[in-house]
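J.: As input, take target32.txt (compact mmCIF, C-alpha atoms):
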```txt
# COMPACT_ATOMS: atom_id res chain seq x y z
CA MET A 1 22.83 7.67 0.89
CA ARG A 2 23.07 4.46 -1.17
CA LEU A 3 21.00 1.45 -0.16
CA GLY A 4 19.25 -1.49 -1.77
CA MET A 5 15.55 -2.41 -1.86
CA VAL A 6 14.60 -6.09 -2.14
CA GLY A 7 10.96 -6.48 -3.18
CA LEU A 8 9.06 -4.05 -5.37
CA GLY A 9 5.46 -4.79 -4.47
CA ARG A 10 2.92 -2.17 -3.34
CA MET A 11 5.05 -1.04 -0.41
CA GLY A 12 8.59 -1.62 -1.69
CA ALA A 13 8.06 0.20 -4.98
CA ASN A 14 6.55 3.29 -3.39
CA MET A 15 9.19 3.40 -0.66
CA THR A 16 11.83 3.27 -3.39
CA ARG A 17 10.14 6.15 -5.19
CA ARG A 18 10.05 8.24 -2.01
CA LEU A 19 13.73 7.54 -1.31
CA VAL A 20 14.75 8.42 -4.88
CA ARG A 21 12.75 11.64 -4.71
CA GLY A 22 14.54 12.38 -1.44
CA GLY A 23 17.93 12.19 -3.12
CA HIS A 24 19.02 8.67 -2.15
CA GLU A 25 20.61 6.18 -4.54
CA VAL A 26 18.51 3.00 -4.46
CA VAL A 27 19.62 -0.29 -6.01
CA VAL A 28 16.59 -2.52 -6.62
CA THR A 29 15.89 -6.21 -7.14
CA ASP A 30 12.68 -8.18 -7.48
CA LEU A 31 11.49 -11.57 -8.70
CA SER A 32 9.80 -9.70 -11.56
CA PRO A 33 12.20 -8.16 -14.11
CA ASP A 34 9.33 -5.93 -15.26
CA ASN A 35 9.06 -4.40 -11.77
CA VAL A 36 12.79 -3.71 -11.77
CA LYS A 37 12.64 -2.16 -15.23
CA GLN A 38 9.73 0.07 -14.30
CA ILE A 39 11.24 1.45 -11.10
CA ALA A 40 14.64 1.86 -12.77
CA GLY A 41 12.89 4.07 -15.30
CA GLU A 42 11.95 6.32 -12.39
CA GLY A 43 15.49 6.81 -11.15
CA ALA A 44 16.41 3.65 -9.24
CA ILE A 45 19.46 1.50 -10.09
CA ALA A 46 18.54 -1.86 -11.64
CA SER A 47 20.24 -5.13 -10.81
CA ALA A 48 20.03 -8.41 -12.71
CA SER A 49 20.58 -10.83 -9.82
CA LEU A 50 21.15 -10.90 -6.07
CA ASP A 51 24.91 -11.03 -6.65
CA ASP A 52 24.66 -8.01 -8.95
CA PHE A 53 22.44 -6.28 -6.38
CA VAL A 54 24.97 -6.73 -3.55
CA SER A 55 27.89 -5.68 -5.77
CA LYS A 56 26.22 -2.32 -6.47
CA LEU A 57 25.64 -1.40 -2.82
CA GLY A 58 27.85 1.09 -1.00
CA LYS A 59 30.05 0.60 2.06
CA PRO A 60 28.73 -0.46 4.43
CA ARG A 61 26.21 -2.35 2.34
CA VAL A 62 22.61 -1.59 3.35
CA ALA A 63 19.81 -3.85 2.10
CA TRP A 64 16.16 -3.14 2.97
CA LEU A 65 13.76 -6.08 2.55
CA MET A 66 10.08 -5.61 1.67
CA VAL A 67 9.03 -9.18 1.01
CA PRO A 68 6.27 -11.35 2.55
CA ALA A 69 6.87 -12.45 6.15
CA GLY A 70 7.81 -16.03 6.91
CA GLY A 71 9.60 -18.21 4.37
CA PRO A 72 10.29 -15.53 1.73
CA THR A 73 11.87 -13.18 4.30
CA GLU A 74 13.88 -15.97 5.93
CA GLN A 75 15.23 -17.17 2.58
CA THR A 76 16.13 -13.65 1.48
CA VAL A 77 17.89 -12.80 4.73
CA GLN A 78 19.96 -15.98 4.55
CA ALA A 79 20.79 -15.43 0.88
CA LEU A 80 21.96 -11.88 1.56
CA ALA A 81 23.94 -12.96 4.62
CA GLN A 82 25.96 -15.32 2.43
CA ARG A 83 26.94 -12.39 0.21
CA MET A 84 27.52 -9.68 2.82
CA LYS A 85 30.44 -8.95 5.11
CA SER A 86 31.12 -7.68 8.61
CA GLY A 87 29.73 -4.19 9.10
CA ASP A 88 26.98 -4.58 6.50
CA ILE A 89 23.32 -4.03 7.42
CA ILE A 90 20.15 -5.97 6.65
CA ILE A 91 16.84 -4.20 7.33
CA ASP A 92 13.59 -6.16 7.46
CA GLY A 93 10.79 -3.66 6.81
CA GLY A 94 8.02 -6.25 6.46
CA ASN A 95 5.75 -7.77 9.08
CA SER A 96 8.00 -10.45 10.56
CA TYR A 97 7.38 -12.11 13.92
CA PHE A 98 9.54 -10.33 16.50
CA LYS A 99 10.97 -13.59 17.87
CA ASP A 100 12.30 -14.36 14.39
CA ASP A 101 14.07 -10.98 14.49
CA VAL A 102 15.77 -11.86 17.77
CA ARG A 103 16.98 -15.16 16.31
CA ARG A 104 18.20 -13.62 13.05
CA SER A 105 19.97 -10.80 14.84
CA LYS A 106 21.95 -13.24 16.98
CA GLN A 107 22.75 -15.41 13.97
CA LEU A 108 23.94 -12.52 11.80
CA SER A 109 25.94 -10.93 14.60
CA GLU A 110 28.25 -13.96 14.51
CA LYS A 111 29.32 -12.76 11.06
CA GLY A 112 29.43 -9.13 12.15
CA ILE A 113 26.35 -8.28 10.07
CA HIS A 114 23.90 -5.88 11.69
CA TYR A 115 20.17 -6.62 11.64
CA VAL A 116 17.48 -3.95 11.98
CA ASP A 117 13.74 -4.61 12.10
CA VAL A 118 11.36 -1.86 11.00
CA GLY A 119 7.62 -2.09 11.51
CA THR A 120 6.34 0.01 8.62
CA SER A 121 2.85 1.51 8.46
CA GLY A 122 1.47 3.63 5.65
CA GLY A 123 0.11 1.23 3.07
CA VAL A 124 -0.47 2.34 -0.50
CA TRP A 125 -0.71 5.99 0.65
CA GLY A 126 2.81 6.12 2.04
CA LEU A 127 4.41 7.54 -1.11
CA GLU A 128 2.72 10.89 -0.54
CA ARG A 129 1.86 10.74 3.18
CA GLY A 130 5.07 9.13 4.38
CA TYR A 131 5.57 6.01 6.48
CA CYS A 132 5.27 5.61 10.23
CA MET A 133 8.19 3.46 11.36
CA MET A 134 8.87 1.52 14.55
CA ILE A 135 12.52 0.45 14.63
CA GLY A 136 14.44 -2.24 16.50
CA GLY A 137 18.17 -2.88 16.49
CA PRO A 138 21.54 -1.55 17.74
CA LYS A 139 21.32 2.16 18.57
CA GLU A 140 24.47 3.14 16.69
CA VAL A 141 23.31 1.33 13.55
CA VAL A 142 19.87 2.93 13.71
CA GLN A 143 21.53 6.35 14.03
CA LEU A 144 23.67 5.61 10.96
CA LEU A 145 20.48 4.88 8.99
CA ASP A 146 18.70 8.04 10.20
CA PRO A 147 18.83 9.82 6.79
CA ILE A 148 16.83 6.94 5.31
CA PHE A 149 14.22 6.98 8.05
CA LYS A 150 13.90 10.75 7.91
CA THR A 151 13.18 10.62 4.17
CA LEU A 152 10.59 7.85 4.45
CA ALA A 153 8.83 9.34 7.48
CA PRO A 154 5.90 11.80 7.20
CA GLY A 155 7.68 14.59 9.09
CA ARG A 156 5.89 16.86 11.56
CA GLY A 157 3.43 18.26 9.06
CA ASN A 158 0.55 20.27 10.49
CA ILE A 159 -0.34 17.95 13.37
CA PRO A 160 -0.69 20.01 16.57
CA ARG A 161 2.11 19.36 19.01
CA THR A 162 1.26 17.32 22.11
CA PRO A 163 1.65 19.63 25.13
CA GLY A 164 4.91 18.92 26.93
CA ARG A 165 6.70 17.28 24.00
CA GLU A 166 8.82 20.38 23.40
CA ARG A 167 10.89 19.21 26.38
CA MET A 168 11.45 15.73 24.91
CA ALA A 169 14.28 14.72 22.58
CA SER A 170 12.69 12.21 20.22
CA THR A 171 12.02 11.58 16.55
CA ALA A 172 8.47 10.44 17.37
CA GLU A 173 6.98 13.72 16.12
CA ASP A 174 8.70 13.14 12.78
CA GLY A 175 6.99 9.76 12.42
CA TYR A 176 9.65 7.24 13.43
CA ILE A 177 11.18 5.95 16.67
CA HIS A 178 13.89 3.57 17.84
CA CYS A 179 11.87 1.23 20.06
CA GLY A 180 14.74 -0.85 21.44
CA PRO A 181 16.95 -3.85 20.58
CA ALA A 182 16.30 -6.55 17.97
CA GLY A 183 12.61 -7.38 17.60
CA ALA A 184 11.33 -4.29 19.41
CA GLY A 185 10.27 -2.56 16.20
CA HIS A 186 8.22 -5.47 14.93
CA PHE A 187 6.82 -6.07 18.43
CA VAL A 188 5.40 -2.53 18.51
CA LYS A 189 4.12 -2.86 14.93
CA MET A 190 2.52 -6.20 15.83
CA VAL A 191 0.46 -4.63 18.60
CA HIS A 192 -0.26 -1.66 16.31
CA ASN A 193 -1.89 -4.06 13.87
CA GLY A 194 -3.77 -5.82 16.65
CA ILE A 195 -5.22 -2.46 17.70
CA GLU A 196 -6.00 -1.75 14.05
CA TYR A 197 -8.14 -4.91 13.96
CA GLY A 198 -10.12 -3.68 16.97
CA LEU A 199 -10.65 -0.17 15.58
CA MET A 200 -11.77 -1.49 12.22
CA GLN A 201 -14.15 -3.96 13.85
CA ALA A 202 -15.76 -1.22 15.93
CA TYR A 203 -16.46 0.90 12.84
CA ALA A 204 -17.68 -2.14 10.91
CA GLU A 205 -20.15 -3.18 13.59
CA GLY A 206 -21.45 0.36 13.99
CA PHE A 207 -22.19 0.72 10.29
CA ASP A 208 -23.79 -2.73 10.27
CA ILE A 209 -26.23 -1.46 12.93
CA PHE A 210 -27.00 1.57 10.74
CA ARG A 211 -27.58 -0.60 7.68
CA ASN A 212 -30.05 -2.80 9.54
CA ALA A 213 -31.88 0.09 11.19
CA SER A 214 -34.56 -0.19 8.49
CA SER A 215 -35.21 -3.89 9.14
CA GLU A 216 -38.81 -5.00 8.87
CA GLN A 217 -38.30 -6.93 12.09
CA LEU A 218 -38.31 -3.60 13.94
CA PRO A 219 -41.49 -1.76 14.91
CA GLU A 220 -42.32 0.67 12.09
CA GLY A 221 -41.89 3.72 14.32
CA TYR A 222 -38.32 2.74 15.15
CA ARG A 223 -37.08 2.12 11.64
CA TYR A 224 -34.56 4.49 10.06
CA ASP A 225 -33.41 4.62 6.44
CA LEU A 226 -29.99 6.11 7.09
CA ASN A 227 -27.43 7.53 4.67
CA LEU A 228 -24.27 5.71 5.73
CA ALA A 229 -21.96 7.76 3.52
CA ASP A 230 -23.26 10.97 5.11
CA ILE A 231 -22.83 9.58 8.62
CA ALA A 232 -19.23 8.61 7.89
CA GLU A 233 -18.62 12.04 6.39
CA VAL A 234 -20.10 14.04 9.25
CA TRP A 235 -18.12 12.01 11.78
CA ARG A 236 -14.94 13.11 10.00
CA ARG A 237 -15.68 16.68 11.04
CA GLY A 238 -15.27 17.38 14.74
CA SER A 239 -16.27 13.94 16.05
CA VAL A 240 -14.22 12.17 18.72
CA VAL A 241 -14.29 9.00 16.57
CA SER A 242 -12.70 10.67 13.53
CA SER A 243 -9.59 8.92 12.16
CA TRP A 244 -7.86 7.97 8.93
CA LEU A 245 -9.68 4.63 8.98
CA LEU A 246 -12.95 6.56 9.12
CA ASP A 247 -11.74 8.73 6.21
CA LEU A 248 -11.24 5.57 4.16
CA THR A 249 -14.63 4.21 5.23
CA ALA A 250 -16.28 7.44 4.12
CA MET A 251 -14.47 7.17 0.78
CA ALA A 252 -15.61 3.57 0.27
CA LEU A 253 -19.24 4.29 1.18
CA THR A 254 -19.34 7.32 -1.10
CA GLU A 255 -18.06 5.23 -3.99
CA SER A 256 -20.40 2.31 -3.23
CA PRO A 257 -23.10 2.77 -0.53
CA THR A 258 -23.93 -0.96 -0.49
CA LEU A 259 -20.32 -2.17 -0.89
CA SER A 260 -21.74 -4.69 -3.32
CA GLU A 261 -18.34 -5.38 -4.90
CA TYR A 262 -17.09 -6.84 -1.58
CA THR A 263 -18.00 -10.30 -0.30
CA GLY A 264 -16.92 -9.65 3.28
CA PHE A 265 -14.16 -12.28 3.23
CA VAL A 266 -11.56 -10.71 5.57
CA GLN A 267 -7.97 -11.95 5.69
CA ASP A 268 -5.61 -11.60 8.65
CA SER A 269 -1.93 -11.09 7.99
CA GLY A 270 -0.58 -12.74 11.15
CA GLU A 271 0.10 -9.79 13.46
CA GLY A 272 -3.32 -10.07 15.09
CA ARG A 273 -2.64 -13.69 16.04
CA TRP A 274 0.83 -12.83 17.34
CA THR A 275 -0.62 -9.98 19.41
CA ILE A 276 -3.00 -12.42 21.11
CA GLN A 277 -0.12 -14.84 21.70
CA ALA A 278 1.93 -12.07 23.31
CA ALA A 279 -1.04 -11.13 25.50
CA ILE A 280 -1.37 -14.74 26.64
CA GLU A 281 2.34 -14.91 27.48
CA GLU A 282 2.03 -11.65 29.46
CA ALA A 283 -1.34 -12.61 31.04
CA VAL A 284 -2.90 -9.43 29.65
CA PRO A 285 -6.68 -9.55 28.91
CA VAL A 286 -7.41 -8.43 25.34
CA ASP A 287 -11.16 -8.91 24.97
CA VAL A 288 -11.63 -6.51 22.05
CA LEU A 289 -8.53 -7.50 20.08
CA SER A 290 -9.20 -11.23 20.36
CA ALA A 291 -12.86 -10.80 19.37
CA ALA A 292 -11.83 -8.73 16.33
CA LEU A 293 -9.46 -11.50 15.21
CA PHE A 294 -12.11 -14.19 15.65
CA VAL A 295 -14.58 -12.18 13.59
CA ARG A 296 -12.10 -12.34 10.70
CA PHE A 297 -12.06 -16.12 11.02
CA ARG A 298 -15.86 -16.19 10.99
CA SER A 299 -15.99 -13.94 7.93
CA ARG A 300 -14.58 -16.76 5.84
CA GLN A 301 -17.65 -18.85 6.58
CA GLN A 302 -20.48 -16.29 6.59
CA HIS A 303 -20.54 -12.64 5.59
CA THR A 304 -22.31 -9.59 7.02
CA PHE A 305 -22.27 -5.95 5.99
CA ALA A 306 -19.77 -5.39 8.80
CA GLU A 307 -17.31 -7.67 7.04
CA LYS A 308 -17.86 -5.79 3.79
CA VAL A 309 -16.92 -2.59 5.63
CA LEU A 310 -13.77 -4.32 6.91
CA SER A 311 -12.88 -5.49 3.40
CA ALA A 312 -13.44 -1.98 2.06
CA MET A 313 -11.13 -0.46 4.67
CA ARG A 314 -8.39 -3.03 3.97
CA GLN A 315 -8.63 -2.34 0.25
CA LYS A 316 -8.45 1.41 0.79
CA PHE A 317 -5.44 1.56 3.11
CA GLY A 318 -3.40 -1.37 1.87
CA GLY A 319 -4.72 -2.30 -1.55
CA HIS A 320 -5.70 -5.71 -0.15
CA VAL A 321 -7.93 -7.62 -2.58
CA GLU A 322 -10.33 -10.34 -1.48
CA PRO A 323 -9.29 -13.85 -2.63
CA ALA A 324 -10.94 -14.80 -5.90
CA ALA A 325 -11.89 -18.18 -4.44
CA SER A 326 -14.03 -16.58 -1.76
CA ALA A 327 -15.86 -14.46 -4.30
CA LYS A 328 -16.73 -17.54 -6.36
CA LYS A 329 -17.84 -19.42 -3.24
CA THR A 330 -20.30 -16.71 -2.23
CA ALA A 331 -21.48 -15.78 -5.74
```
What is this file in structure tokens?
T.:
Amino acid sequence: MRLGMVGLGRMGANMTRRLVRGGHEVVVTDLSPDNVKQIAGEGAIASASLDDFVSKLGKPRVAWLMVPAGGPTEQTVQALAQRMKSGDIIIDGGNSYFKDDVRRSKQLSEKGIHYVDVGTSGGVWGLERGYCMMIGGPKEVVQLLDPIFKTLAPGRGNIPRTPGRERMASTAEDGYIHCGPAGAGHFVKMVHNGIEYGLMQAYAEGFDIFRNASSEQLPEGYRYDLNLADIAEVWRRGSVVSSWLLDLTAMALTESPTLSEYTGFVQDSGEGRWTIQAAIEEAVPVDVLSAALFVRFRSRQQHTFAEKVLSAMRQKFGGHVEPAASAKKTA
């Protein structure tokens, strides 16, 4: 299937590579000509401008956006809409606010252009592991795009089947689902990221307790000099708290037991805030998720080992780098 990829950052470039390896024809464009040249050297189809990009797409034209949420996504959607025709499809695979999806979908439908929102999880590991996708948009359009989703998704792999699922007709076991109409995909991904904040915070706080177990403020008989890397590793094997986030924590602690290269300055990408806003609108108590978000705010003022663990996890799964300014401030 022929489609276009707008944005060749960490996610967009690797998704393009996975699609090309899966036999798709992918036209690419990016603000950096070097990024376009590099990925074209790996089998993608280069374009010199947005007009050139659109002209090289198939019929219907399918353009997948992997650009930063907010202004950059809005500008790119509008620019593409001016160049596309009725029946064409714009896919936003970034982390847009679901209410923006609803608005864009209505706006584009007036021109007959279909809009699909895809919450995409997988980070820098997605090229090999595949991407978990939560999709919103018209059912018939999502079905038309199924070959793309199937290629990007992890597939069933060796994960044991959940008892009872053999009676269910769903692509969930393959790693992607159609969640509902416009905005539903990003809504589910938004809450996914809110939960991610809470899980990461729980691990971070636990390892902070371990690190301080040798504190001189404790009675000598209750002090423990613990090997954090070993604890993370043993929990990976048979423990009920094992997870991919724990795998990445074990990796980080093995590489650097003190995490000295991290300051503990932890960014939030927006989804955590939107999750709390949705909870407020629905009158749903989210004690853990809200606390995890507020800890990220606090991390920009004072840093603990827990925040270093959070930074390490973010770097491992998404390649997120702490802002240089924060490193200088705390040096």
J.: I'd like the contact shell of A:Gly119 - 6 Å cut-off, all atoms listed in the file, skipping same-chain residues fewer than 2 positions apart - returned as a CSV table (one decimal) with C-alpha atoms, keeping the file's coordinate frame.
T.:
```
chain,number,residue,atom,x,y,z
A,93,GLY,CA,10.8,-3.7,6.8
A,133,MET,CA,8.2,3.5,11.4
A,134,MET,CA,8.9,1.5,14.6
A,185,GLY,CA,10.3,-2.6,16.2
A,186,HIS,CA,8.2,-5.5,14.9
A,189,LYS,CA,4.1,-2.9,14.9
```
J.: Once you count only C-alpha atoms, what closest atom pair and distance in Å to one decimal does each residue of stretch 291-320 of chain A within 7 Å of stretch 263-275 of chain A have, with rows by chain and rising residue number, as CSV?
T.:
```
residue,atom,partner,partner_atom,distance
A:Leu293,CA,A:Gly272,CA,6.3
A:Arg296,CA,A:Val266,CA,5.4
A:Ser299,CA,A:Phe265,CA,5.3
A:Arg300,CA,A:Phe265,CA,5.2
A:His303,CA,A:Gly264,CA,5.2
A:Thr304,CA,A:Gly264,CA,6.6
A:Glu307,CA,A:Gly264,CA,4.3
A:Lys308,CA,A:Gly264,CA,4.0
A:Leu310,CA,A:Val266,CA,6.9
A:Ser311,CA,A:Gly264,CA,5.8
```
J.: Of the residues A:Thr151, A:Asn14, A:Asn95, A:Ser290, which is the one nearest to A:Val188, using all atoms listed in the file?
T.: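 So, comparing all the options, the nearest one is A:Asn95.
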J.: To one decimal place, how far is atom CA of A:Val191 from atom CA of A:Asp101 in Å?
T.: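 So the two atoms, atom CA of A:Val191 and atom CA of A:Asp101, lie 15.6 Å apart.
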J.: Using atom CA of A:Thr29 and atom CA of A:Ser47 as the two end points, give the distance in Å to one decimal.
T.: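 Atom CA of A:Ser47 lies 5.8 Å from atom CA of A:Thr29.
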J.: Tell me, as a short mmCIF file (atom, residue, chain, number, x, y, z; two decimals) with C-alpha atoms, in the coordinates of the input, which residues lie within 12 Å of A:Leu253, counting only C-alpha atoms; anything in the same chain fewer than 5 positions away does not count.
T.:
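selection35.cif, freshly written:
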```cif
data_model
loop_
_atom_site.label_atom_id
_atom_site.label_comp_id
_atom_site.auth_asym_id
_atom_site.auth_seq_id
_atom_site.Cartn_x
_atom_site.Cartn_y
_atom_site.Cartn_z
CA ALA A 204 -17.68 -2.14 10.91
CA PHE A 207 -22.19 0.72 10.29
CA ARG A 211 -27.58 -0.60 7.68
CA ASN A 227 -27.43 7.53 4.67
CA LEU A 228 -24.27 5.71 5.73
CA ALA A 229 -21.96 7.76 3.52
CA ASP A 230 -23.26 10.97 5.11
CA ILE A 231 -22.83 9.58 8.62
CA ALA A 232 -19.23 8.61 7.89
CA GLU A 233 -18.62 12.04 6.39
CA LEU A 246 -12.95 6.56 9.12
CA ASP A 247 -11.74 8.73 6.21
CA LEU A 248 -11.24 5.57 4.16
CA THR A 258 -23.93 -0.96 -0.49
CA LEU A 259 -20.32 -2.17 -0.89
CA SER A 260 -21.74 -4.69 -3.32
CA GLU A 261 -18.34 -5.38 -4.90
CA TYR A 262 -17.09 -6.84 -1.58
CA PHE A 305 -22.27 -5.95 5.99
CA LYS A 308 -17.86 -5.79 3.79
CA VAL A 309 -16.92 -2.59 5.63
CA LEU A 310 -13.77 -4.32 6.91
CA SER A 311 -12.88 -5.49 3.40
CA ALA A 312 -13.44 -1.98 2.06
CA MET A 313 -11.13 -0.46 4.67
CA LYS A 316 -8.45 1.41 0.79
#
```
J.: How many Å lie between atom CA of A:Val288 and atom CA of A:Ala250, rounded to one decimal?
T.: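 Result for atom CA of A:Val288 versus atom CA of A:Ala250: 23.2 Å, one decimal.
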J.: Using all atoms listed in the file, find the one residue out of A:Glu25, A:Asp100, A:Glu282, A:Asp34 that sits nearest to A:Gly183.
T.: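 Of A:Glu25, A:Asp100, A:Glu282, A:Asp34, the one nearest A:Gly183 is A:Asp100, counting all atoms listed in the file.
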J.: Restricting the calculation to all atoms listed in the file, which member of A:Met190, A:Met66, A:Met84, A:Leu108 is positioned closest to A:Met5?
T.: A:Met66
J.: Between A:Val234, A:Ala48, A:Ala306, A:Leu218, single out the one closest to A:Tyr203, counting all atoms listed in the file.
T.: A:Ala306
J.: May I have the residues within 10 Å of A:Ser105 as a PyMOL selection string, using only C-alpha atoms and disregarding those fewer than 2 positions away in the same chain?
T.: chain A and resi 90+99-103+107-110+112-117+137-138+181-183
J.: Go ahead and save the residues from that selection, with C-alpha atoms, as a PDB file, keeping the file's coordinate frame.
T.:
```
ATOM      1  CA  ILE A  90      20.150  -5.970   6.650  1.00  0.00           C
ATOM      2  CA  LYS A  99      10.970 -13.590  17.870  1.00  0.00           C
ATOM      3  CA  ASP A 100      12.300 -14.360  14.390  1.00  0.00           C
ATOM      4  CA  ASP A 101      14.070 -10.980  14.490  1.00  0.00           C
ATOM      5  CA  VAL A 102      15.770 -11.860  17.770  1.00  0.00           C
ATOM      6  CA  ARG A 103      16.980 -15.160  16.310  1.00  0.00           C
ATOM      7  CA  GLN A 107      22.750 -15.410  13.970  1.00  0.00           C
ATOM      8  CA  LEU A 108      23.940 -12.520  11.800  1.00  0.00           C
ATOM      9  CA  SER A 109      25.940 -10.930  14.600  1.00  0.00           C
ATOM     10  CA  GLU A 110      28.250 -13.960  14.510  1.00  0.00           C
ATOM     11  CA  GLY A 112      29.430  -9.130  12.150  1.00  0.00           C
ATOM     12  CA  ILE A 113      26.350  -8.280  10.070  1.00  0.00           C
ATOM     13  CA  HIS A 114      23.900  -5.880  11.690  1.00  0.00           C
ATOM     14  CA  TYR A 115      20.170  -6.620  11.640  1.00  0.00           C
ATOM     15  CA  VAL A 116      17.480  -3.950  11.980  1.00  0.00           C
ATOM     16  CA  ASP A 117      13.740  -4.610  12.100  1.00  0.00           C
ATOM     17  CA  GLY A 137      18.170  -2.880  16.490  1.00  0.00           C
ATOM     18  CA  PRO A 138      21.540  -1.550  17.740  1.00  0.00           C
ATOM     19  CA  PRO A 181      16.950  -3.850  20.580  1.00  0.00           C
ATOM     20  CA  ALA A 182      16.300  -6.550  17.970  1.00  0.00           C
ATOM     21  CA  GLY A 183      12.610  -7.380  17.600  1.00  0.00           C
TER      22      GLY A 183
END
```
